[in-house]
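K.L.:
Please see the structure below; I have some questions.
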Protein chains: 4
Amino acid sequence: MSAKKPLNIGVVGYGFMGRTHANAFSQVGHFFDLQHRPVLKAVCGRDRAKIDAFADQWGYESAETDWRKLVDRKDIDVIDIASPNDTHFEIAIAAAKAGKMVMCEKPLGRNASESEAMTKAVEVAGVANMVWYNYRRVPAVTMAKQIVASGRLGKIFHYRAQFLQDWTISADLPQGGAGLWRLDAGVAGSGVTGDLLAHCIDTAMWLNGGIDCVSGMTETFIKERQHVLTGKKEKVGIDDASAFLARFGNGSLGLFEATRYARGHKALYTLEINGEHASIAWDLHDLHRLSFFDHKDEGPLRGWRSVHITDGDHPYMKHWWVPGLQIGYEHTFIHQVADFIKGLESGKPAAPTFRDALATDRVTDAVLASAASRKWEDVSEG
Amino acid sequence: MSAKKPLNIGVVGYGFMGRTHANAFSQVGHFFDLQHRPVLKAVCGRDRAKIDAFADQWGYESAETDWRKLVDRKDIDVIDIASPNDTHFEIAIAAAKAGKMVMCEKPLGRNASESEAMTKAVEVAGVANMVWYNYRRVPAVTMAKQIVASGRLGKIFHYRAQFLQDWTISADLPQGGAGLWRLDAGVAGSGVTGDLLAHCIDTAMWLNGGIDCVSGMTETFIKERQHVLTGKKEKVGIDDASAFLARFGNGSLGLFEATRYARGHKALYTLEINGEHASIAWDLHDLHRLSFFDHKDEGPLRGWRSVHITDGDHPYMKHWWVPGLQIGYEHTFIHQVADFIKGLESGKPAAPTFRDALATDRVTDAVLASAASRKWEDVSEG
Amino acid sequence: MSAKKPLNIGVVGYGFMGRTHANAFSQVGHFFDLQHRPVLKAVCGRDRAKIDAFADQWGYESAETDWRKLVDRKDIDVIDIASPNDTHFEIAIAAAKAGKMVMCEKPLGRNASESEAMTKAVEVAGVANMVWYNYRRVPAVTMAKQIVASGRLGKIFHYRAQFLQDWTISADLPQGGAGLWRLDAGVAGSGVTGDLLAHCIDTAMWLNGGIDCVSGMTETFIKERQHVLTGKKEKVGIDDASAFLARFGNGSLGLFEATRYARGHKALYTLEINGEHASIAWDLHDLHRLSFFDHKDEGPLRGWRSVHITDGDHPYMKHWWVPGLQIGYEHTFIHQVADFIKGLESGKPAAPTFRDALATDRVTDAVLASAASRKWEDVSEG
Amino acid sequence: MSAKKPLNIGVVGYGFMGRTHANAFSQVGHFFDLQHRPVLKAVCGRDRAKIDAFADQWGYESAETDWRKLVDRKDIDVIDIASPNDTHFEIAIAAAKAGKMVMCEKPLGRNASESEAMTKAVEVAGVANMVWYNYRRVPAVTMAKQIVASGRLGKIFHYRAQFLQDWTISADLPQGGAGLWRLDAGVAGSGVTGDLLAHCIDTAMWLNGGIDCVSGMTETFIKERQHVLTGKKEKVGIDDASAFLARFGNGSLGLFEATRYARGHKALYTLEINGEHASIAWDLHDLHRLSFFDHKDEGPLRGWRSVHITDGDHPYMKHWWVPGLQIGYEHTFIHQVADFIKGLESGKPAAPTFRDALATDRVTDAVLASAASRKWEDVSEG
C-alpha cells in the first residue's frame with residue numbers, strides 16, 4: 001500500500017538491545033517522514049523456540065539461528081548487530097564482505113585492535129555503517145551539540161562526565177551467561193570502561209573534540225564471582241570502576257568516571273561543559289532537562305536555566321507530542337534509525353560511524369593502559 | 001502467525017489524540033503479554049486524502065470518512081473516540097447501541113448531562129467502556145495510588161493539584177478550527193475546567209475519594225479572539241483559568257487550579273497529598289520522579305525522597321527497559337490499552353469507566369456553577 | 001569611641017522573636033554603614049530571673065519586668081514589641097502616646113479593629129512605626145520586588161502563595177502557655193490565618209497590589225487540646241488550615257493556603273507570580289534561590305533560571321560575604337533594622353508601616369468572614 | 001556583669017576572613033552557653049586609619065599595626081591569624097613561642113614544609129591550636145560525619161569532591177594586592193590547590209580517612225596578568241584549575257577537582273560518598289540540604305532523601321531558630337569558636353588542629369608533585 005521503499009533489516013540478537021533495535025525499526029515510520037520503510041525481515045538467535053517467539057512478538061517475517069545464514073541472505077540490506085561484544089568482530093566483518101550495510105551495538109570491538117579491523121572492513125567494502133551510541137540522540141544532548149557548535153560557549157575550559165550505577169554491589173551476583181555477560185571479561189572485553197565510559201567518551205569527543213592523553217585508575221572491588229557457565233568461583237577480569245583525567249586537543253581538561261558501585265544511582269550519566277561565556281549540564285535521570293548558564297544574561301538575573309527540551313523547535317521533538325510531554329530512552333534509538341536512513345537518502349552518512357567508534361576505543365585502551373602503568377598515556381592516533 | 005486473539009479496533013480521529021491511540025494499540029503487544037492482539041482495523045476522519053495517508057502511516061487496514069459507517073461495521077469490536085469533545089456524545093451512544101465496546105477521550109461529555117446519557121447508554125448496552133484519563137497510568141502516579149491504598153499516609157488532611165500551561169497568552173491566537181477547537185466553547189464545552197482541571201479531578205478522586213462541595217473562580221483574560229471558521233472577532237466563551245477550593249468526603253481540604261496563562265509552564269500537572277504520617281508529590285514535567293516523605297523515617301534523616309520510578313518493581317516498568325531508563329507520555333496510553341484488555345480477559349473492567357468520568361464532570365459542572373453564583377456549591381450526586 | 005548617634009532601643013519580649021530582634025539590633029552596625037547605632041538599652045519580660053539572664057546574654061544595659069515602666073523611660077527612643085499577639089494593642093498605643101517610635105511584631109493586632117486603633121495612635125502621635133513582616137527582606141524576595149517594579153513581567157495573571165508547616169499534627173500537643181500561645185485563639189487572635197497567611201498576604205500586596213475580594217475555607221482538624229494553663233481539654237479556637245481564592249485589584253487571580261498539617265514541610269513559604277512576559281517563583285526552604293522565567297529568552301533555550309541571590313549586586317548582599325555564600329533567616333531582621341534606620345535618616349519611612357499591616361489584617365478578616373459565610377466577601381476599605 | 005570567664009582574643013587581619021572571625025567571636029556567646037566569653041581585645045593591620053575604623057565597627061578594645069606587638073601583649077590569650085597565607089608561618093611560630101593559643105586560617109602554610117614547622121611549634125609549646133577549615137561545621141556536613149561514623153554506609157567505594165568557581169575567567173583581572181593576593185603565587189603558595197582543593201581534602205580525610213597516593217593535573221589558563229603592585233604584566237604562578245585521582249587508605253577511590261574557570265558556579269563545593277549500603281551528597285550552594293540514599297529503605301520507595309538540616313536534633317541547629325529556618329556561611333565560624341572553647345573547657349581539643357591541617361598540605365603537595373611528574377605520587381607520611 002505504501003509508496004515508501006523497503007529497507008530490509010536483519011538483526012542479530014533479541015536481548016535488551018535486540019528489543020530496543022526492533023522497536024526503533026518498528027516505530028520510525030510512525031513518527032518520521034522518510035522515503036524508506038524499514039522492514040523487519042529477519043531476526044537471529046541461537047535458541048529456536050525463543051527466537052521464534054520473539055519474531056512473532058515483534059512482527060519479524062522470519063527467524064534464523066545462525067548469523068552466517070542471515071549474512072548470506074539476499075533479501076537483507078542491513079545487518080544490525082545487537083548481540084554481546086565478543087560477537088561484533090566476526091559478524092561485522094562478514095557482513096561487510098557480503099556487501100551489507102552494518103549497524104553495530106557499542107562498543108564496536110572489545111578493544112581498538114578489533115575495532116580497527118572492523119572499520120577497515122566496512123570502509124574497504126564501501127558499505128554504510130553506524131554504531132549505536134544512542135545517547136547522542138537524546139534531544140537535550142543533541143541540543144547541547146547545537147549550542148557548542150554555535151560557538152556561544154567560547155573557549156572551553158572543562159569537560160566532566162560520569163556514568164554511575166549500583167547494580168553489581170552484591171558479591172552474590174554471578175558473572176557470565178545470558179544476562180550477566182557484561183561481568184565476564186572474555187565476552188565484554190572490559191568492565192565499565194567499555195560499557196559506560198565508552199558512552200561518556202563518545203559524547204565528549206562529539207561535543208568537545210579529540211582527547212590527547214589520559215591518566216586512568218581502575219578497580220575491581222569484588223575479586224571473585226561464581227561463573228554462571230562453569231558454576232565455579234572465578235577471578236573477575238573486568239573493572240568495576242574506572243576514572244580518568246584527560247587533556248583534550250582544544251586545551252580543556254577532562255574528568256571522567258564510571259562505576260557500578262555508586263549506591264543510589266541507577267543509570268546516572270551526567271555531563272557538564274564549562275566555557276568562557278557559558279556552560280551546559282545534563283543528566284540521563286532527567287533526560288529532558290538541559291541546564292544552561294549564559295554569562296551574557298543580565299547580571300543580577302544570571303542563573304542556570306533548566307530548559308525542558310520538549311518544544312517543537314527542540315531537536316527531534318516536533319515528531320512527537322506537544323510541549324511539556326516527554327519521550328523516553330527508546331526514542332534515542334528511533335532517532336538513530338531515522339538519521340541513518342536520512343543519511344542513506346542524502347548521501348551524507350550519519351554519525352557515529354565505525355571510524356568514530358574506533359576513536360572511542362582508542363581512548364578506552366589508553367585509560368586501561370594508564371591504569372596499569374600508573375602514568376599518563378597518549379591516545380593512539382591509529 | 002500469532003496465537004493471540006484479534007481485538008478489532010475502529011478509531012474516530014487522527015489528530016493529536018488519534019496518534020496517541022494508534023500508537024497505543026500498535027505498541028501494546030510488543031511489551032505486554034496479553035491473550036488479545038489489537039488490530040488496527042479502521043480509522044475515521046472526514047478528509048479522505050488525510051485519513052488515507054494517516055491510515056497508511058500507521059498501518060490501519062482501512063479508512064472511513066463517516067463515523068456512522070464505522071459504527072455499523074461488523075468487523076469492529078471496539079469504537080475508540082479520539083475526536084473533539086462535541087462529537088463524543090453522539091458517537092458513544094450510537095456505538096453502545098450497536099453493541100460495540102466504547103473507549104472515549106476525556107472529558108466524557110461537554111457537561112455532566114451529556115455524560116450521564118452516555119454512561120446510561122453503555123451500561124444499558126452492557127458493553128465494556130473506558131475513558132482516556134491517561135495520567136492515572138504514569139508509573140509514578142500509579143505508585144502513588146498504591147501508597148495511598150496501603151494506608152500508610154494515615155488520615156488525609158490536604159490534596160492539591162495544578163495544571164499550568166502558557167500556550168494561549170497571545171491575543172493573536174485565534175479560536176476554533178482543527179488545532180484550536182479547545183478555545184471554542186461550542187466544541188469544547190468549557191476551557192481549562194474540562195480540559196485540564198478534569199485530569200486533576202479524575203486523579204484526585206481516584207486517590208482521595210469523592211468531593212462534596214466546591215467554591216470556584218474562573219476568568220477569561222482575552223475576551224475576544226478571531227474565529228478560524230468565521231474569520232471574525234468573536235467573544236471567547238471558554239474559561240482561560242479556573243481554580244477551586246474543595247472539601248472531600250474524607251474530611252480533607254482540596255485546592256485545585258488550571259490555567260493556560262502561567263508563563264513558563266508547558267504542561268505542569270502537579271499533585272500533592274499530605275497525610276498524618278506521610279506525604280506524596282508529583283509533577284508531569286519530571287514524570288518519573290515521585291516525591292515521598294515518611295514521618296516514620298528516623299528523625300534527623302527524615303526528608304523528601306525523590307524516587308525515580310523506573311525499577312522493575314515499580315508499576316508497569318518491568319515491561320520496559322532497565323532501572324534508570326525512562327519512558328514518556330505516550331506510554332500512559334499503552335498502559336491503558338493493556339489494562340483495558342486485561343479487564344476484558346479477567347472480567348474485572350479497568351477504570352476509569354464512563355461512570356467514573358461522569359463523576360468528574362459533575363465536579364467540573366459544580367465548579368462552573370460556583371464561579372457564577374459566587375458561593376459554595378454541592379457536587380450533584382446524580 | 002564611635003561617632004555614630006545612639007538610637008536607644010527598648011524591647012518587650014525575649015522569646016523566639018525577642019532573640020531575632022536582639023540579634024538584629026546587635027548586628028546591624030557590623031554590616032551596615034549607618035549614622036545611628038542601636039543601643040540595647042532595656043529588655044522587658046515578666047520573669048525577673050529569666051529577663052536578667054537574657055539581658056546578660058545579649059548585652060542589654062538593663063531589664064524591666066513591667067512594660068509600662070519601659071514605655072515611661074526617658075532614655076528609650078524606640079519601643080519594639082516582640083511579645084505575643086494579645087499584648088500588641090495596649091503596648092503600641094501606650095508607646096505612641098508616650099511619643100516613642102514603635103516597632104511591632106506581626107500580625108499587628110489580633111484583628112483589623114485592633115490594628116486600626118493602633119495605626120491611628122501612631123499616626124496621631126506622628127511617630128515612626130514599622131511591623132516586622134521580615135520576609136520582604138529576604139534578598140531573593142526583595143529582588144522579586146525589583147523585577148516586578150521594573151515592569152518586565154507585563155500584565156499579571158496569577159499570584160500563588162503557600163505557607164506549609166507540620167508541627168501541630170500530633171493530637172497530644174497542648175495549647176497555650178509560653179511556647180504554644182499560637183494555638184490559643186484568645187492570645188493569637190486566629191490560627192494560621194494570622195500567623196502564616198498574614199506573611200503571604202503582606203508580600204503579595206507588596207508585590208502585586210491590593211486584594212478586592214476573597215473566598216475562604218478554614219478547618220480545625222484537632223477539635224480539642226489540653227490547655228497548658230488550665231490543664232484541661234479545651235475546645236481549639238484557632239484554624240489549623242486556611243485557604244482562599246482572591247481577586248486582585250489589577251485583575252489577576254490569587255490562590256493562598258496556609259496549614260500546620262502538611263506533613264513533610266517545616267516552614268515552606270512559597271510564592272509564584274505569572275505575568276504576560278515573565279514569571280517568578282521562590283520558596284523559603286531554599287531562600288537564596290529565585291526562579292525566574294523570561295519569555296524573551298531565545299526560544300529553544302528558554303527555561304526557568306535558578307538565580308542564586310548571593311552576588312554583590314543582589315539586594316543587601318554586598319553587606320555580607322562573597323558570591324555563593326549564604327546568609328539565613330535572622331538576616332531579614334537585620335535588614336529591616338537597617339532600613340528602618342535609613343528611613344529615619346532620609347525622612348522616607350521604611351515599609352511596612354502600621355498602615356500597611358492594617359491592610360493585611362483587613363484581608364485576613366475577610367478570609368475568616370468568608371469561611372463562615374461560605375460566599376465571596378469584599379475586603380473592607382477601612 | 002557576666003559570670004563568664006573572659007577569653008582575650010587578638011586577631012591579625014581585617015579583610016574577608018578578619019570579618020568572619022570578628023563576627024564569630026562576637027556572636028558565639030549569644031547562641032552558645034559556654035563558660036568563657038571571647039573578648040575582642042585587639043585587632044591588627046598595617047594601615048592605622050583602616051584598622052582603627054574596623055576596630056570601632058566591631059567593638060575591638062584596641063588596634064595594633066604590628067603583629068609582633070600583638071603577640072607580645074600580656075593581655076591576649078589567643079592569637080588568631082586571618083591574614084594572607086605568606087604571613088601564617090612567622091606569626092604562628094612567634095605566637096606559639098610566646099605561649100599563646102593559636103588559631104590560623106587555612107591553608108596552614110604555603111606548603112607542607114612550612115606547616116610542619118608550625119605544627120612542631122605549637123606542639124612543642126603545648127598551646128591549643130586550630131585551623132579554620134570551617135566547612136566541617138556546616139550542620140549538614142557535620143551530619144554527614146555522624147552518619148559515616150555510625151557505620152551505616154558500610155564499606156566505602158567512592159569519594160568525590162569539587163570546588164567550582166568562575167571569578168577569575170576574565171584576562172583583565174590583575175594579580176596581587178589586597179583583594180587579589182590569591183592569584184599571586186608568592187603570597188598564596190599555590191592557586192586553587194591550596195585555596196579550594198584544601199577544603200575538599202580536609203573534609204574528605206575527616207569523613208573517609210587518609211589518602212595514600214594521587215595522580216594530579218593542573219592548568220594555568222591565563223598565563224600572564226598585570227600585577228597590582230608592580231603595574232606590569234607578569235607570569236601567573238598559580239594553578240587556575242587542579243584535579244586529581246586518589247586512593248584512600250580504606251580502599252575507596254577518590255576524584256577531586258577545583259577550578260576558578262567553571263562558568264556559572266560561584267562557590268560550588270560539592271561532595272559525595274558512595275558506600276555499600278548508603279550514600280551521601282551535599283553542596284555548599286544549598287548548604288542546608290543533605291542528600292541521603294539508604295538501600296535499606298523498602299524497595300519500591302527507595303530514593304535520595306533531601307534532608308533539610310534545620311531541626312533541633314540536627315548538629316548545631318538547636319542553638320538557632322526553628323525547623324525550616326536557615327543559617328548561613330558565617331555560622332560555620334561561630335560553630336568553630338564554640339567548639340574551640342568547649343575543647344578548652346573539656347580538655348578534649350577540637351579539630352582540625354595544626355597537625356590535621358598539615359596532613360592536608362601533604363596531600364596538596366603530592367598533587368602538585370604529580371602534576372609535574374605526570375605519574376602517581378605517594379602522599380608523604382611526614
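Here's how to read the names in the C-alpha cells: chain A, B, ... by the order shown, residue numbers from 1 in each chain, ligand numbers from 1 in the order shown.
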If the cut-off is 7 Å, can you tell me the residues of chain A near chain C, counting only C-alpha atoms? I'd like them as a list in words.
P.N.:
Pro300, Leu301, Arg302, Gly303, Trp304, Arg305, Ser306, Val307, His308, Asp313 and His314 of chain A
K.L.:
How would the residues just picked look written out with N, CA, C and O atoms as a PDB file, in the first residue's frame?
P.N.:
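Writing done, so here's out-v2.pdb:
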ATOM      1  N   PRO A 300      22.226  40.676  37.574  1.00  0.00           N
ATOM      2  CA  PRO A 300      21.560  40.185  38.795  1.00  0.00           C
ATOM      3  C   PRO A 300      20.615  39.020  38.529  1.00  0.00           C
ATOM      4  O   PRO A 300      20.181  38.373  39.466  1.00  0.00           O
ATOM      5  N   LEU A 301      20.291  38.769  37.270  1.00  0.00           N
ATOM      6  CA  LEU A 301      19.349  37.684  36.978  1.00  0.00           C
ATOM      7  C   LEU A 301      20.009  36.529  36.230  1.00  0.00           C
ATOM      8  O   LEU A 301      19.326  35.715  35.615  1.00  0.00           O
ATOM      9  N   ARG A 302      21.315  36.474  36.305  1.00  0.00           N
ATOM     10  CA  ARG A 302      22.010  35.313  35.763  1.00  0.00           C
ATOM     11  C   ARG A 302      21.692  34.082  36.591  1.00  0.00           C
ATOM     12  O   ARG A 302      21.664  34.141  37.817  1.00  0.00           O
ATOM     13  N   GLY A 303      21.516  32.986  35.926  1.00  0.00           N
ATOM     14  CA  GLY A 303      21.291  31.750  36.676  1.00  0.00           C
ATOM     15  C   GLY A 303      21.295  30.586  35.721  1.00  0.00           C
ATOM     16  O   GLY A 303      21.221  30.768  34.497  1.00  0.00           O
ATOM     17  N   TRP A 304      21.384  29.403  36.257  1.00  0.00           N
ATOM     18  CA  TRP A 304      21.295  28.206  35.442  1.00  0.00           C
ATOM     19  C   TRP A 304      19.845  28.060  34.992  1.00  0.00           C
ATOM     20  O   TRP A 304      18.939  27.987  35.820  1.00  0.00           O
ATOM     21  N   ARG A 305      19.638  28.007  33.696  1.00  0.00           N
ATOM     22  CA  ARG A 305      18.298  27.776  33.162  1.00  0.00           C
ATOM     23  C   ARG A 305      18.055  26.274  33.082  1.00  0.00           C
ATOM     24  O   ARG A 305      18.894  25.531  32.583  1.00  0.00           O
ATOM     25  N   SER A 306      16.916  25.863  33.567  1.00  0.00           N
ATOM     26  CA  SER A 306      16.515  24.474  33.407  1.00  0.00           C
ATOM     27  C   SER A 306      15.566  24.432  32.206  1.00  0.00           C
ATOM     28  O   SER A 306      14.398  24.778  32.309  1.00  0.00           O
ATOM     29  N   VAL A 307      16.122  24.031  31.077  1.00  0.00           N
ATOM     30  CA  VAL A 307      15.324  24.036  29.845  1.00  0.00           C
ATOM     31  C   VAL A 307      14.719  22.646  29.643  1.00  0.00           C
ATOM     32  O   VAL A 307      15.442  21.652  29.597  1.00  0.00           O
ATOM     33  N   HIS A 308      13.407  22.603  29.597  1.00  0.00           N
ATOM     34  CA  HIS A 308      12.703  21.333  29.414  1.00  0.00           C
ATOM     35  C   HIS A 308      12.592  21.116  27.901  1.00  0.00           C
ATOM     36  O   HIS A 308      11.762  21.738  27.237  1.00  0.00           O
ATOM     37  N   ASP A 313      10.601  23.226  18.534  1.00  0.00           N
ATOM     38  CA  ASP A 313      11.862  23.687  17.948  1.00  0.00           C
ATOM     39  C   ASP A 313      13.078  23.079  18.647  1.00  0.00           C
ATOM     40  O   ASP A 313      14.209  23.504  18.402  1.00  0.00           O
ATOM     41  N   HIS A 314      12.845  22.101  19.475  1.00  0.00           N
ATOM     42  CA  HIS A 314      13.963  21.342  20.059  1.00  0.00           C
ATOM     43  C   HIS A 314      14.251  20.122  19.182  1.00  0.00           C
ATOM     44  O   HIS A 314      13.351  19.608  18.520  1.00  0.00           O
TER      45      HIS A 314
END
K.L.:
Near Glu276 of chain C, within 12 Å and counting only C-alpha atoms, which residues show up once chain neighbours fewer than 3 positions away are dropped, as a count of residues only?
P.N.:
30
K.L.:
Assign secondary structure with DSSP using the backbone only, and return the residues of segment 82-290 of chain C in helix (DSSP H, G or I) as number ranges by chain.
P.N.:
C: 85-97, 112-125, 134-137, 139-150, 181-183, 185-188, 192-208, 284-286
K.L.:
What is the atom CA of Ile327 of chain B to atom CA of Gln146 of chain B distance in Å?
P.N.:
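Result for atom CA of Ile327 of chain B versus atom CA of Gln146 of chain B: 19.7 Å, one decimal.
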K.L.:
Output as an MDAnalysis selection string all residues of segment 228-305 of chain A that backbone DSSP marks as strand (DSSP E).
P.N.:
chainID A and resid 233:235 241:248 253:259 268:275 278:283 289:294 304:305
K.L.:
Quick one: residues within 10 Å of Ile81 of chain D, only C-alpha atoms, excluding same-chain residues fewer than 4 positions away - as a PyMOL selection string?
P.N.:
chain D and resi 10-13+17-18+21+44+67+85+87-89+91-92+95+102-106+108+131-132
